[in-house]
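Student: You'll find entry.cif just under this line, and it carries mmCIF, C-alpha atoms.
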```
data_work
loop_
_atom_site.label_atom_id
_atom_site.label_comp_id
_atom_site.auth_asym_id
_atom_site.auth_seq_id
_atom_site.Cartn_x
_atom_site.Cartn_y
_atom_site.Cartn_z
CA MET I 1 16.57 -9.55 -29.20
CA THR I 2 19.88 -9.49 -27.32
CA ALA I 3 22.75 -11.86 -26.63
CA ARG I 4 21.20 -12.41 -23.24
CA ASP I 5 17.90 -13.48 -24.83
CA PRO I 6 18.97 -15.30 -28.03
CA ARG I 7 15.79 -17.33 -28.38
CA PRO I 8 12.77 -15.70 -26.79
CA VAL I 9 9.96 -18.15 -26.08
CA ALA I 10 6.38 -17.72 -24.96
CA PRO I 11 5.93 -17.90 -21.17
CA PRO I 12 4.55 -21.17 -19.78
CA GLY I 13 1.04 -21.32 -18.40
CA PRO I 14 -2.32 -23.08 -18.28
CA PRO I 15 -3.64 -24.54 -21.56
CA ARG I 16 -5.84 -22.45 -23.83
CA ARG I 17 -8.82 -24.72 -23.18
CA SER I 18 -8.96 -23.37 -19.62
CA ALA I 19 -9.71 -19.80 -20.81
CA LEU I 20 -13.40 -19.74 -19.82
CA ARG I 21 -12.68 -21.31 -16.45
CA MET I 22 -9.93 -18.76 -15.79
CA LEU I 23 -12.31 -15.93 -16.72
CA ALA I 24 -14.75 -17.20 -14.09
CA VAL I 25 -11.94 -17.48 -11.54
CA MET I 26 -10.80 -13.91 -12.30
CA THR I 27 -14.31 -12.67 -11.56
CA ARG I 28 -14.28 -14.39 -8.16
CA ASP I 29 -10.63 -14.18 -7.06
CA ARG I 30 -8.31 -12.02 -9.15
CA LEU I 31 -5.50 -12.09 -6.60
CA GLY I 32 -5.65 -15.83 -6.06
CA MET I 33 -5.72 -16.60 -9.78
CA ILE I 34 -2.50 -14.74 -10.57
CA ARG I 35 -0.73 -15.71 -7.37
CA ASP I 36 -1.43 -19.42 -7.95
CA ALA I 37 -0.19 -19.15 -11.54
CA VAL I 38 3.06 -17.46 -10.46
CA ASP I 39 3.62 -20.07 -7.74
CA ARG I 40 3.14 -22.87 -10.26
CA TYR I 41 4.85 -21.55 -13.39
CA GLY I 42 7.45 -19.06 -12.13
CA ASP I 43 8.32 -15.42 -12.78
CA ALA I 44 6.84 -15.39 -16.29
CA VAL I 45 3.47 -16.96 -17.01
CA ARG I 46 0.82 -16.66 -19.71
CA ILE I 47 -2.74 -17.03 -18.41
CA PRO I 48 -5.61 -17.52 -20.90
CA VAL I 49 -8.61 -15.46 -19.76
CA GLY I 50 -11.66 -15.44 -22.03
CA HIS I 51 -10.53 -14.33 -25.48
CA LYS I 52 -7.30 -12.85 -24.08
CA SER I 53 -4.00 -14.06 -22.65
CA LEU I 54 -2.37 -12.25 -19.75
CA HIS I 55 1.43 -12.18 -19.82
CA VAL I 56 2.32 -11.90 -16.13
CA PHE I 57 5.91 -10.96 -15.19
CA ASN I 58 7.04 -11.20 -11.58
CA HIS I 59 10.68 -10.17 -11.27
CA PRO I 60 12.17 -6.73 -10.49
CA ASP I 61 14.08 -6.80 -13.80
CA HIS I 62 10.81 -7.44 -15.64
CA ALA I 63 9.10 -4.57 -13.83
CA GLN I 64 11.95 -2.21 -14.62
CA HIS I 65 11.90 -3.14 -18.31
CA VAL I 66 8.13 -2.78 -18.78
CA LEU I 67 7.49 0.21 -16.51
CA ALA I 68 10.66 2.25 -17.02
CA ASP I 69 13.36 1.19 -19.48
CA ASN I 70 10.96 0.40 -22.34
CA ALA I 71 7.90 2.22 -21.02
CA GLY I 72 7.35 3.89 -24.39
CA ASN I 73 6.38 0.50 -25.84
CA TYR I 74 3.57 -0.01 -23.36
CA ARG I 75 0.24 1.73 -22.89
CA LYS I 76 -2.35 1.22 -20.17
CA GLY I 77 -3.81 -2.26 -20.32
CA ILE I 78 -6.55 -4.62 -19.19
CA GLY I 79 -8.81 -3.18 -16.55
CA LEU I 80 -7.79 0.43 -17.04
CA VAL I 81 -8.71 0.27 -20.73
CA HIS I 82 -12.11 -1.07 -19.79
CA ALA I 83 -12.38 1.27 -16.80
CA ARG I 84 -12.20 4.20 -19.20
CA ARG I 85 -15.93 3.71 -19.83
CA ALA I 86 -16.44 4.48 -16.14
CA LEU I 87 -13.63 6.94 -15.43
CA GLY I 88 -13.32 8.73 -18.77
CA ASP I 89 -9.94 10.17 -19.76
CA GLY I 90 -8.56 11.19 -16.39
CA LEU I 91 -4.91 10.90 -15.40
CA LEU I 92 -5.31 7.22 -14.50
CA THR I 93 -6.59 6.07 -17.90
CA SER I 94 -5.44 8.66 -20.46
CA GLU I 95 -2.58 8.08 -22.89
CA GLY I 96 -0.04 9.87 -25.04
CA GLU I 97 -0.09 13.62 -25.42
CA LEU I 98 -3.27 14.04 -23.35
CA TRP I 99 -1.66 12.21 -20.41
CA ARG I 100 1.56 14.24 -20.72
CA MET I 101 -0.41 17.47 -20.69
CA GLN I 102 -2.49 16.36 -17.69
CA ARG I 103 0.60 15.29 -15.75
CA LYS I 104 2.32 18.61 -16.51
CA VAL I 105 -0.72 20.52 -15.25
CA ILE I 106 -1.06 18.52 -12.02
CA GLN I 107 2.57 17.81 -11.08
CA PRO I 108 3.29 21.22 -9.44
CA VAL I 109 0.49 20.62 -6.91
CA PHE I 110 2.59 17.83 -5.38
CA LEU I 111 5.98 19.55 -5.20
CA PRO I 112 7.77 19.43 -1.79
CA ARG I 113 7.01 23.08 -0.99
CA ARG I 114 3.32 22.32 -1.48
CA LEU I 115 3.54 19.19 0.69
CA ALA I 116 4.90 21.28 3.54
CA HIS I 117 1.89 23.57 3.19
CA HIS I 118 -0.52 20.57 3.14
CA ALA I 119 0.87 19.12 6.39
CA GLY I 120 -1.27 21.47 8.48
CA PHE I 121 -4.50 20.34 6.76
CA ILE I 122 -3.61 16.69 7.36
CA ALA I 123 -2.77 17.23 11.03
CA ALA I 124 -6.01 19.15 11.63
CA GLU I 125 -8.15 16.45 10.00
CA ALA I 126 -6.30 13.75 11.94
CA GLN I 127 -6.98 15.62 15.17
CA ARG I 128 -10.69 15.73 14.34
CA LEU I 129 -10.56 11.96 13.77
CA VAL I 130 -8.88 11.51 17.17
CA HIS I 131 -11.71 13.47 18.81
CA ARG I 132 -14.32 11.26 17.11
CA LEU I 133 -12.53 8.08 18.19
CA ARG I 134 -12.24 9.37 21.74
CA GLN I 135 -16.03 9.61 21.88
CA ARG I 136 -16.24 5.92 20.96
CA GLU I 137 -13.86 4.61 23.64
CA GLY I 138 -15.19 1.49 25.31
CA GLY I 139 -18.23 1.37 23.02
CA GLY I 140 -19.10 -0.70 19.98
CA ALA I 141 -16.83 -1.26 17.01
CA VAL I 142 -16.06 1.63 14.67
CA ASP I 143 -15.62 1.10 10.94
CA VAL I 144 -12.22 2.74 10.62
CA ILE I 145 -12.28 2.46 6.81
CA ALA I 146 -15.34 4.71 6.74
CA GLU I 147 -13.56 7.12 9.08
CA PHE I 148 -10.40 7.12 6.98
CA THR I 149 -12.38 7.58 3.78
CA GLY I 150 -14.04 10.68 5.20
CA LEU I 151 -10.68 12.00 6.40
CA THR I 152 -8.87 11.44 3.09
CA LEU I 153 -11.73 12.92 1.08
CA SER I 154 -11.62 16.02 3.24
CA VAL I 155 -7.84 16.30 2.97
CA LEU I 156 -7.92 15.98 -0.82
CA GLY I 157 -10.75 18.50 -0.99
CA TRP I 158 -8.61 21.12 0.75
CA THR I 159 -5.23 20.21 -0.72
CA LEU I 160 -6.23 19.64 -4.36
CA LEU I 161 -9.36 21.76 -4.75
CA ASP I 162 -9.03 24.32 -1.94
CA ALA I 163 -12.66 23.47 -1.23
CA ASP I 164 -14.75 21.97 1.53
CA LEU I 165 -16.37 18.75 0.24
CA SER I 166 -18.54 18.24 3.33
CA PRO I 167 -21.59 19.97 1.78
CA PHE I 168 -21.58 17.18 -0.83
CA GLY I 169 -22.59 14.53 1.67
CA SER I 170 -23.08 11.65 -0.78
CA VAL I 171 -19.89 12.18 -2.79
CA GLY I 172 -18.26 9.14 -1.16
CA GLU I 173 -21.14 6.93 -2.31
CA GLN I 174 -20.85 8.31 -5.84
CA PHE I 175 -17.12 7.53 -5.94
CA ALA I 176 -17.88 4.00 -4.72
CA ALA I 177 -20.40 3.49 -7.53
CA VAL I 178 -17.89 4.69 -10.14
CA GLN I 179 -15.20 2.36 -8.80
CA ASP I 180 -17.62 -0.57 -8.70
CA GLN I 181 -18.45 0.00 -12.37
CA ALA I 182 -14.77 0.31 -13.30
CA MET I 183 -13.99 -3.08 -11.74
CA PHE I 184 -17.09 -4.62 -13.35
CA GLU I 185 -15.67 -3.48 -16.70
CA LEU I 186 -12.40 -5.21 -15.81
CA ALA I 187 -13.98 -8.50 -14.71
CA THR I 188 -16.20 -8.71 -17.80
CA LEU I 189 -13.48 -7.39 -20.16
CA GLY I 190 -15.90 -4.66 -21.22
CA MET I 191 -18.20 -7.16 -22.94
CA VAL I 192 -21.43 -6.00 -21.23
CA PRO I 193 -22.89 -2.99 -23.11
CA ALA I 194 -23.22 0.16 -21.03
CA TRP I 195 -26.94 0.43 -21.87
CA VAL I 196 -27.85 -2.88 -20.18
CA PRO I 197 -29.98 -1.80 -17.18
CA LEU I 198 -28.19 -3.79 -14.50
CA PRO I 199 -28.56 -2.30 -10.99
CA ARG I 200 -24.80 -1.65 -10.89
CA GLN I 201 -24.85 0.21 -14.19
CA LEU I 202 -27.91 2.24 -13.18
CA ARG I 203 -26.15 3.27 -9.95
CA PHE I 204 -23.12 4.24 -11.99
CA ARG I 205 -25.15 6.47 -14.33
CA ARG I 206 -26.73 8.25 -11.38
CA ALA I 207 -23.31 8.66 -9.76
CA ARG I 208 -21.80 10.18 -12.90
CA ARG I 209 -24.65 12.70 -13.12
CA GLU I 210 -24.25 13.62 -9.45
CA LEU I 211 -20.47 13.96 -9.71
CA GLN I 212 -20.92 16.21 -12.75
CA ARG I 213 -23.18 18.44 -10.65
CA VAL I 214 -20.55 18.54 -7.88
CA VAL I 215 -17.84 19.50 -10.36
CA ASP I 216 -20.08 22.16 -11.92
CA ARG I 217 -20.72 23.71 -8.50
CA LEU I 218 -17.02 23.69 -7.61
CA VAL I 219 -16.13 25.30 -10.94
CA ALA I 220 -18.89 27.90 -10.61
CA ALA I 221 -17.64 28.85 -7.15
CA ARG I 222 -14.19 29.40 -8.63
CA ALA I 223 -15.46 31.31 -11.70
CA GLY I 224 -13.28 34.28 -12.55
CA ASP I 225 -10.79 33.48 -9.79
CA ALA I 226 -8.94 30.45 -11.18
CA ASP I 227 -6.04 32.48 -12.57
CA GLY I 228 -5.03 33.67 -9.14
CA GLN I 229 -4.79 30.25 -7.48
CA ASP I 230 -2.46 27.28 -7.80
CA ASP I 231 -4.51 24.31 -6.62
CA ALA I 232 -5.48 21.42 -8.92
CA LEU I 233 -8.99 22.74 -9.58
CA SER I 234 -7.74 26.14 -10.73
CA ARG I 235 -4.99 24.62 -12.85
CA LEU I 236 -7.45 22.27 -14.55
CA ILE I 237 -9.96 25.06 -15.20
CA VAL I 238 -7.24 27.12 -16.88
CA SER I 239 -5.95 24.14 -18.87
CA THR I 240 -9.38 23.33 -20.34
CA ARG I 241 -10.11 26.86 -21.53
CA ALA I 242 -8.41 26.15 -24.85
CA GLU I 243 -10.89 23.35 -25.57
CA PRO I 244 -13.13 24.68 -28.39
CA ASP I 245 -16.15 22.56 -27.42
CA PRO I 246 -17.55 23.59 -23.97
CA ARG I 247 -19.13 20.16 -23.52
CA VAL I 248 -15.78 18.46 -24.05
CA ALA I 249 -14.12 20.87 -21.63
CA ARG I 250 -16.81 20.18 -19.03
CA GLY I 251 -16.40 16.41 -19.44
CA ARG I 252 -12.62 16.65 -19.18
CA LEU I 253 -12.84 18.60 -15.95
CA ARG I 254 -15.17 16.00 -14.49
CA ASP I 255 -13.03 13.05 -15.59
CA GLU I 256 -9.79 14.54 -14.32
CA LEU I 257 -11.15 15.71 -10.96
CA VAL I 258 -13.08 12.50 -10.31
CA THR I 259 -10.01 10.38 -11.14
CA LEU I 260 -7.67 12.47 -8.97
CA VAL I 261 -9.91 12.48 -5.93
CA LEU I 262 -11.10 8.87 -6.32
CA ALA I 263 -7.61 7.42 -6.73
CA GLY I 264 -6.09 9.72 -4.11
CA HIS I 265 -8.49 9.18 -1.24
CA GLU I 266 -9.08 5.47 -1.89
CA THR I 267 -5.43 4.41 -1.81
CA THR I 268 -4.61 6.25 1.42
CA ALA I 269 -7.74 5.09 3.24
CA SER I 270 -6.99 1.49 2.25
CA THR I 271 -3.35 1.80 3.33
CA LEU I 272 -4.36 3.11 6.75
CA GLY I 273 -6.88 0.30 7.18
CA TRP I 274 -4.38 -2.42 6.32
CA THR I 275 -1.73 -0.80 8.52
CA LEU I 276 -3.95 -0.74 11.61
CA TYR I 277 -5.03 -4.33 10.93
CA ARG I 278 -1.39 -5.42 10.91
CA VAL I 279 -0.38 -3.30 13.92
CA ASP I 280 -3.21 -4.84 15.96
CA ARG I 281 -1.60 -8.25 15.46
CA GLU I 282 1.93 -7.14 16.48
CA PRO I 283 2.25 -5.95 20.13
CA GLU I 284 5.93 -5.02 19.79
CA VAL I 285 5.23 -2.89 16.71
CA ARG I 286 2.36 -1.21 18.54
CA HIS I 287 4.54 -0.30 21.53
CA ARG I 288 7.35 1.07 19.33
CA LEU I 289 4.90 3.18 17.35
CA ARG I 290 3.49 4.71 20.50
CA ALA I 291 6.94 5.37 21.95
CA GLU I 292 8.12 7.11 18.77
CA ALA I 293 4.97 9.25 18.53
CA GLN I 294 5.37 10.37 22.14
CA ALA I 295 9.09 11.07 21.73
CA VAL I 296 8.76 13.03 18.47
CA LEU I 297 5.40 14.76 18.93
CA GLY I 298 4.82 14.90 22.65
CA GLY I 299 1.29 16.23 22.91
CA ARG I 300 1.31 18.50 19.83
CA LEU I 301 0.19 18.07 16.23
CA PRO I 302 2.75 16.91 13.67
CA CYS I 303 4.32 19.30 11.17
CA TYR I 304 6.17 18.68 7.92
CA GLU I 305 9.58 18.60 9.62
CA ASP I 306 8.41 15.71 11.83
CA LEU I 307 8.02 13.44 8.82
CA HIS I 308 11.74 12.62 8.78
CA GLN I 309 11.76 12.01 12.55
CA LEU I 310 8.84 9.55 12.47
CA ARG I 311 11.23 6.98 11.07
CA TYR I 312 9.78 3.79 12.53
CA THR I 313 6.22 4.90 11.78
CA THR I 314 7.21 5.33 8.13
CA MET I 315 8.76 1.85 8.12
CA VAL I 316 5.51 0.38 9.47
CA VAL I 317 3.46 2.05 6.74
CA LYS I 318 5.89 0.88 4.05
CA GLU I 319 5.74 -2.71 5.30
CA ALA I 320 1.94 -2.60 5.28
CA MET I 321 2.11 -1.37 1.68
CA ARG I 322 4.45 -4.23 0.83
CA LEU I 323 1.93 -6.85 1.90
CA HIS I 324 -1.09 -4.83 0.79
CA PRO I 325 0.10 -2.50 -2.00
CA PRO I 326 -2.43 0.25 -2.77
CA VAL I 327 -1.58 -0.13 -6.47
CA TRP I 328 -1.86 -3.93 -6.62
CA LEU I 329 -2.11 -4.29 -10.42
CA LEU I 330 -0.14 -2.56 -13.20
CA PRO I 331 -1.65 -3.61 -16.54
CA ARG I 332 -0.06 -2.70 -19.88
CA ILE I 333 -0.52 -3.47 -23.59
CA ALA I 334 2.55 -3.97 -25.77
CA VAL I 335 2.56 -1.59 -28.74
CA ALA I 336 5.31 -3.49 -30.60
CA PRO I 337 6.84 -6.95 -30.09
CA ASP I 338 9.23 -7.16 -27.16
CA VAL I 339 11.34 -9.59 -25.14
CA VAL I 340 10.93 -9.59 -21.35
CA GLY I 341 13.19 -11.84 -19.32
CA GLY I 342 13.84 -14.05 -22.34
CA HIS I 343 10.14 -14.42 -23.12
CA ALA I 344 8.47 -13.23 -26.29
CA VAL I 345 5.76 -10.59 -25.95
CA PRO I 346 3.83 -10.07 -29.21
CA ALA I 347 2.42 -6.72 -30.26
CA GLY I 348 -0.98 -6.16 -28.67
CA ALA I 349 -0.29 -8.58 -25.80
CA ASP I 350 -1.77 -7.86 -22.38
CA VAL I 351 1.12 -7.56 -19.93
CA VAL I 352 0.67 -7.50 -16.14
CA ILE I 353 3.09 -6.48 -13.39
CA LEU I 354 1.55 -7.41 -10.05
CA PRO I 355 3.10 -5.64 -7.02
CA TYR I 356 1.05 -7.96 -4.78
CA THR I 357 3.10 -11.00 -5.87
CA LEU I 358 6.33 -9.11 -6.60
CA HIS I 359 6.37 -7.91 -2.97
CA ARG I 360 6.27 -11.57 -1.86
CA HIS I 361 9.08 -12.82 -4.11
CA ARG I 362 11.18 -15.12 -1.92
CA GLU I 363 14.41 -14.19 -3.68
CA PHE I 364 14.12 -10.62 -2.40
CA TRP I 365 11.97 -10.92 0.75
CA VAL I 366 12.91 -13.33 3.55
CA ASP I 367 9.83 -14.98 5.10
CA PRO I 368 7.68 -12.74 2.87
CA GLU I 369 4.33 -13.24 4.66
CA ARG I 370 5.74 -12.05 7.99
CA PHE I 371 5.06 -8.42 8.97
CA ASP I 372 8.51 -6.95 9.65
CA PRO I 373 8.92 -3.14 9.42
CA GLU I 374 12.67 -3.51 9.92
CA ARG I 375 12.90 -4.61 6.28
CA PHE I 376 12.77 -0.90 5.50
CA ASP I 377 15.69 0.06 7.71
CA PRO I 378 18.01 1.75 5.18
CA ALA I 379 20.84 -0.60 6.11
CA ARG I 380 18.78 -3.69 5.28
CA ALA I 381 17.15 -2.20 2.17
CA ARG I 382 20.41 -1.00 0.60
CA ASP I 383 21.02 -4.06 -1.60
CA ARG I 384 17.40 -4.72 -2.51
CA PRO I 385 16.60 -4.14 -6.22
CA ARG I 386 14.79 -0.85 -6.80
CA TYR I 387 11.89 -2.55 -8.57
CA ALA I 388 11.31 -5.22 -5.93
CA TYR I 389 9.09 -2.70 -4.11
CA ILE I 390 6.66 -0.61 -6.17
CA PRO I 391 3.54 0.10 -4.06
CA PHE I 392 2.69 3.21 -6.11
CA GLY I 393 3.81 1.88 -9.49
CA ALA I 394 7.07 2.92 -11.15
CA GLY I 395 8.53 4.69 -14.13
CA PRO I 396 6.99 7.72 -15.85
CA ARG I 397 3.49 6.81 -14.62
CA ILE I 398 4.30 6.40 -10.94
CA CYS I 399 1.46 7.73 -8.79
CA VAL I 400 1.71 11.53 -8.81
CA GLY I 401 0.37 11.84 -5.26
CA SER I 402 2.46 9.10 -3.60
CA ASN I 403 4.41 11.46 -1.31
CA LEU I 404 1.24 13.21 -0.15
CA GLY I 405 -0.40 9.85 0.57
CA LEU I 406 2.61 8.58 2.53
CA MET I 407 2.79 11.75 4.64
CA GLU I 408 -0.93 11.49 5.36
CA ALA I 409 -0.67 7.83 6.41
CA VAL I 410 2.36 8.47 8.65
CA PHE I 411 0.79 11.45 10.44
CA VAL I 412 -2.55 9.72 11.02
CA LEU I 413 -0.92 6.50 12.23
CA ALA I 414 1.35 8.38 14.66
CA MET I 415 -1.54 10.34 16.15
CA ILE I 416 -3.71 7.24 16.56
CA ALA I 417 -0.87 5.15 18.04
CA ARG I 418 -0.15 7.91 20.59
CA GLU I 419 -3.73 7.91 21.87
CA PHE I 420 -5.39 4.53 21.29
CA ARG I 421 -5.25 0.77 21.07
CA LEU I 422 -7.48 -0.25 18.15
CA SER I 423 -8.34 -3.93 17.82
CA THR I 424 -10.60 -6.02 15.61
CA PRO I 425 -13.48 -7.81 17.37
CA PRO I 426 -12.77 -11.46 18.21
CA GLY I 427 -13.42 -13.75 15.27
CA HIS I 428 -13.65 -11.00 12.67
CA GLN I 429 -12.26 -12.12 9.30
CA VAL I 430 -10.47 -9.60 7.08
CA VAL I 431 -10.76 -10.31 3.35
CA PRO I 432 -8.87 -8.39 0.64
CA GLU I 433 -10.92 -6.84 -2.15
CA PRO I 434 -8.83 -5.90 -5.21
CA MET I 435 -10.58 -2.89 -6.70
CA LEU I 436 -8.79 0.21 -8.05
CA SER I 437 -6.83 -0.11 -4.83
CA LEU I 438 -6.49 -3.14 -2.56
CA ARG I 439 -9.37 -2.59 -0.15
CA ILE I 440 -10.69 -4.51 2.84
CA ARG I 441 -14.03 -6.01 1.90
CA GLY I 442 -16.91 -4.67 3.93
CA GLY I 443 -14.81 -2.23 5.94
CA LEU I 444 -12.79 -2.80 9.10
CA PRO I 445 -14.61 -2.73 12.47
CA MET I 446 -12.29 -1.96 15.37
CA LEU I 447 -12.77 -1.50 19.09
CA VAL I 448 -11.35 1.68 20.60
CA ARG I 449 -9.69 2.08 23.95
CA ALA I 450 -7.24 4.63 25.26
CA VAL I 451 -3.70 3.46 25.83
CA ASP I 452 -2.58 3.10 29.44
CA GLY I 453 0.83 2.73 31.01
CA GLY I 454 1.29 -0.70 29.44
CA GLY I 455 0.03 0.27 25.96
#
```
Would you put the structure from the file into structure tokens?
Tutor:
Amino acid sequence: MTARDPRPVAPPGPPRRSALRMLAVMTRDRLGMIRDAVDRYGDAVRIPVGHKSLHVFNHPDHAQHVLADNAGNYRKGIGLVHARRALGDGLLTSEGELWRMQRKVIQPVFLPRRLAHHAGFIAAEAQRLVHRLRQREGGGAVDVIAEFTGLTLSVLGWTLLDADLSPFGSVGEQFAAVQDQAMFELATLGMVPAWVPLPRQLRFRRARRELQRVVDRLVAARAGDADGQDDALSRLIVSTRAEPDPRVARGRLRDELVTLVLAGHETTASTLGWTLYRVDREPEVRHRLRAEAQAVLGGRLPCYEDLHQLRYTTMVVKEAMRLHPPVWLLPRIAVAPDVVGGHAVPAGADVVILPYTLHRHREFWVDPERFDPERFDPARARDRPRYAYIPFGAGPRICVGSNLGLMEAVFVLAMIAREFRLSTPPGHQVVPEPMLSLRIRGGLPMLVRAVDGGG
């Protein structure tokens, strides 16, 4: 307790008797439930959900306190705790010393010198995507989310594993089944036993077995050669050698690789989908993107040095991530009692920072629902609080691959904008689906045509 917060009080919120109704609402509309509560009760709200209460904080100062300044008092919370049954102890869900060790092992893969090396893989995959889209010009709609998912899986295969994932044709379906189970665990608060033979849970079990086989094949192909390489797969193989139980080592490898690839490819594919959806609705943005891509790239593929020249393209991606943050939910559990923004947080409380609502806070974002890339002009962003914009999280547990994902999104967007006008079919409704990342439900069909003199 400080002089600033002399009398901490519990946050306001709906009455406890609404807990079962709120649980049902969370199952149907997680985003709407929290957004409505913040709109009604303010920057701090306590929402009863089933047998729990969510302490939602929606101010940059709150985010900084929970995620950075007092991060040691908070461990991963609702959703990710329950998702551990699906994802195991990978980097996304692990805690304490295990998490610190995993982060130390993986961090070097994402250093700037490595990103420069990865740029060529990204450009080559983006060029293959351009060729596929060119074949669909003037035809029926293309599900660009499916295309981006294939692209990002391939990029992460080469950049993290130094391996071609294309022989594992169904790996995308297996990742989808794992994510579906993880979000089911969140919505039900882990109250449905894993042995209940629901179709979803049966698909998940099959997916876990298949992903274990994929990991085993990747590890076998690297057998005896891991010490000489510096990709994530080799580093993880080396790090698990000290595990005395081979079965535990095998499970750790699976959990860590599945989490890295699932989280990495899903967030970037979703970001690209949301960005193209927004660009389609903004003719001026579309023209500026194309002009910048032509001026910076001409007719060649992008390289790492171009990233700093594709300034407007980067601003467009960042604005899309403001409205549709890939990391839309940051759940924590308080280890010890705390005070956040003058509000009491008891030990064991479920605490939620929601970038989706924080990025729409009217005190820090003028006309927050409007798509305006110029918000990220350095001159305009200079006085904005650091924690008003956290699309990849913040603090010690900020997404380890955020810079790789941003470079991938910028390069792909520039190459598409240079060549095509992509538009959603008339009448198509886009609905957000908050899973591990903020997806577009059912994919995103878009019509493809080459740009002409008028763009």
Student: Mind pulling up the distance from CA of Leu358 in chain I to CA of Ile440 in chain I?
Tutor: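 Interatomic distance here is 20.0 Å.
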Student: Name the residues captured by the PyMOL selection byres ((chain I and resi 6-15) around 12) when it is applied to the shown file; answer as a count of residues only.
Tutor: 46
Student: Go ahead and find all residues with at least one atom no further than 7 Å from (5.2, -4.2, -25.2) in the file's coordinates, using all atoms listed in the file; report them as a short mmCIF file (atom, residue, chain, number, x, y, z; two decimals) with C-alpha atoms, keeping the file's coordinate frame.
Tutor:
```
data_model
loop_
_atom_site.label_atom_id
_atom_site.label_comp_id
_atom_site.auth_asym_id
_atom_site.auth_seq_id
_atom_site.Cartn_x
_atom_site.Cartn_y
_atom_site.Cartn_z
CA ASN I 73 6.38 0.50 -25.84
CA TYR I 74 3.57 -0.01 -23.36
CA ILE I 333 -0.52 -3.47 -23.59
CA ALA I 334 2.55 -3.97 -25.77
CA VAL I 335 2.56 -1.59 -28.74
CA ALA I 336 5.31 -3.49 -30.60
CA PRO I 337 6.84 -6.95 -30.09
CA ASP I 338 9.23 -7.16 -27.16
CA VAL I 345 5.76 -10.59 -25.95
CA ALA I 347 2.42 -6.72 -30.26
#
```
Student: Once the PyMOL selection byres ((chain I and resi 442) around 10) has been applied to the shown file, what residues remain in the selection, as a list in words?
Tutor: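 So the PyMOL selection byres ((chain I and resi 442) around 10) ends up selecting Asp143, Ile145, Ala146, Val430, Val431, Pro432, Glu433, Arg439, Ile440, Arg441, Gly443, Leu444 and Pro445 of chain I.
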Student: Residue by residue, what does the PyMOL selection byres ((chain I and resi 309) around 10) grab here? Present the result as a list of chain:residue names.
Tutor: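 Checking the PyMOL selection byres ((chain I and resi 309) around 10) against this file, the residues are I:Glu292, I:Ala293, I:Ala295, I:Val296, I:Leu297, I:Tyr304, I:Glu305, I:Asp306, I:Leu307, I:His308, I:Leu310, I:Arg311, I:Tyr312, I:Thr313, I:Thr314.
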Student: Go through I:Pro302, I:Pro167, I:Pro283, I:Pro193 one by one, measure the shortest atom-to-atom distance of each to Arg421 in chain I using all atoms listed in the file, and give the residue with the smallest value.
Tutor: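 Result for the nearest residue to Arg421 in chain I: I:Pro283.
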Student: For CA of Leu330 in chain I and CA of Met183 in chain I, quote the distance in Å rounded to one decimal.
Tutor: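 Pair CA of Leu330 in chain I / CA of Met183 in chain I returns 13.9 Å.
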Student: Which one of I:Leu276, I:Leu447, I:Val317, I:Leu156 sits closest to Phe110 in chain I if you count all atoms listed in the file?
Tutor: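 Distance minimum relative to Phe110 in chain I lands on I:Leu156.
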Student: For the point (8.6, 21.6, 5.3) in the file's frame, write as a PyMOL selection string all residues with an atom no more than 8 Å away, counting all atoms listed in the file.
Tutor: chain I and resi 112-113+115-117+303-305
Student: Using only C-alpha atoms, please write the residues we just selected to a file, as a short mmCIF file (atom, residue, chain, number, x, y, z; two decimals), keeping the file's coordinate frame.
Tutor:
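Output below, filename again-v9.cif:
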```
data_model
loop_
_atom_site.label_atom_id
_atom_site.label_comp_id
_atom_site.auth_asym_id
_atom_site.auth_seq_id
_atom_site.Cartn_x
_atom_site.Cartn_y
_atom_site.Cartn_z
CA PRO I 112 7.77 19.43 -1.79
CA ARG I 113 7.01 23.08 -0.99
CA LEU I 115 3.54 19.19 0.69
CA ALA I 116 4.90 21.28 3.54
CA HIS I 117 1.89 23.57 3.19
CA CYS I 303 4.32 19.30 11.17
CA TYR I 304 6.17 18.68 7.92
CA GLU I 305 9.58 18.60 9.62
#
```
Student: What does the distance from CA of Leu98 in chain I to CA of Gly157 in chain I come to in Å, to one decimal?
Tutor: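 That distance, rounded to one decimal, is 24.0 Å.
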Student: Compare I:Leu67, I:Ala381, I:Ala141, I:Leu354 by their minimum atom-to-atom distance to Val366 in chain I, counting only C-alpha atoms, and give me the closest one.
Tutor: I:Ala381
Student: Nearest residue to Ser94 in chain I out of I:Ala249, I:Pro434, I:Asp255, I:Gly405, using all atoms listed in the file?
Tutor: I:Asp255
Student: May I ask which of the residues I:Arg235, I:Lys318, I:Arg386, I:Arg252 is the closest one to Gln107 in chain I, counting all atoms listed in the file?
Tutor: I:Arg235
Student: With a distance cut-off of 10 Å and all atoms listed in the file, select the neighbouring residues of Ile106 in chain I, excluding the residue or stretch itself and same-chain residues fewer than 4 positions from it, and output the selection as an MDAnalysis selection string.
Tutor: chainID I and resid 91 101:102 110:111 160 230:233 235:236 256 260 400:401
Student: Please provide the set of residues having any atom within 9 Å of range 123-129 of chain I, restricted to all atoms listed in the file, with same-chain residues fewer than 5 positions apart removed, written as a ChimeraX atom specification.
Tutor: /I:118,134,147-148,151-152,154-155,301-303,408,411-412,415-416
Student: May I have the residues within 7 Å of Arg449 in chain I as number ranges by chain, using only C-alpha atoms and disregarding those fewer than 2 positions away in the same chain?
Tutor: I: 137-138, 420-422, 447, 451
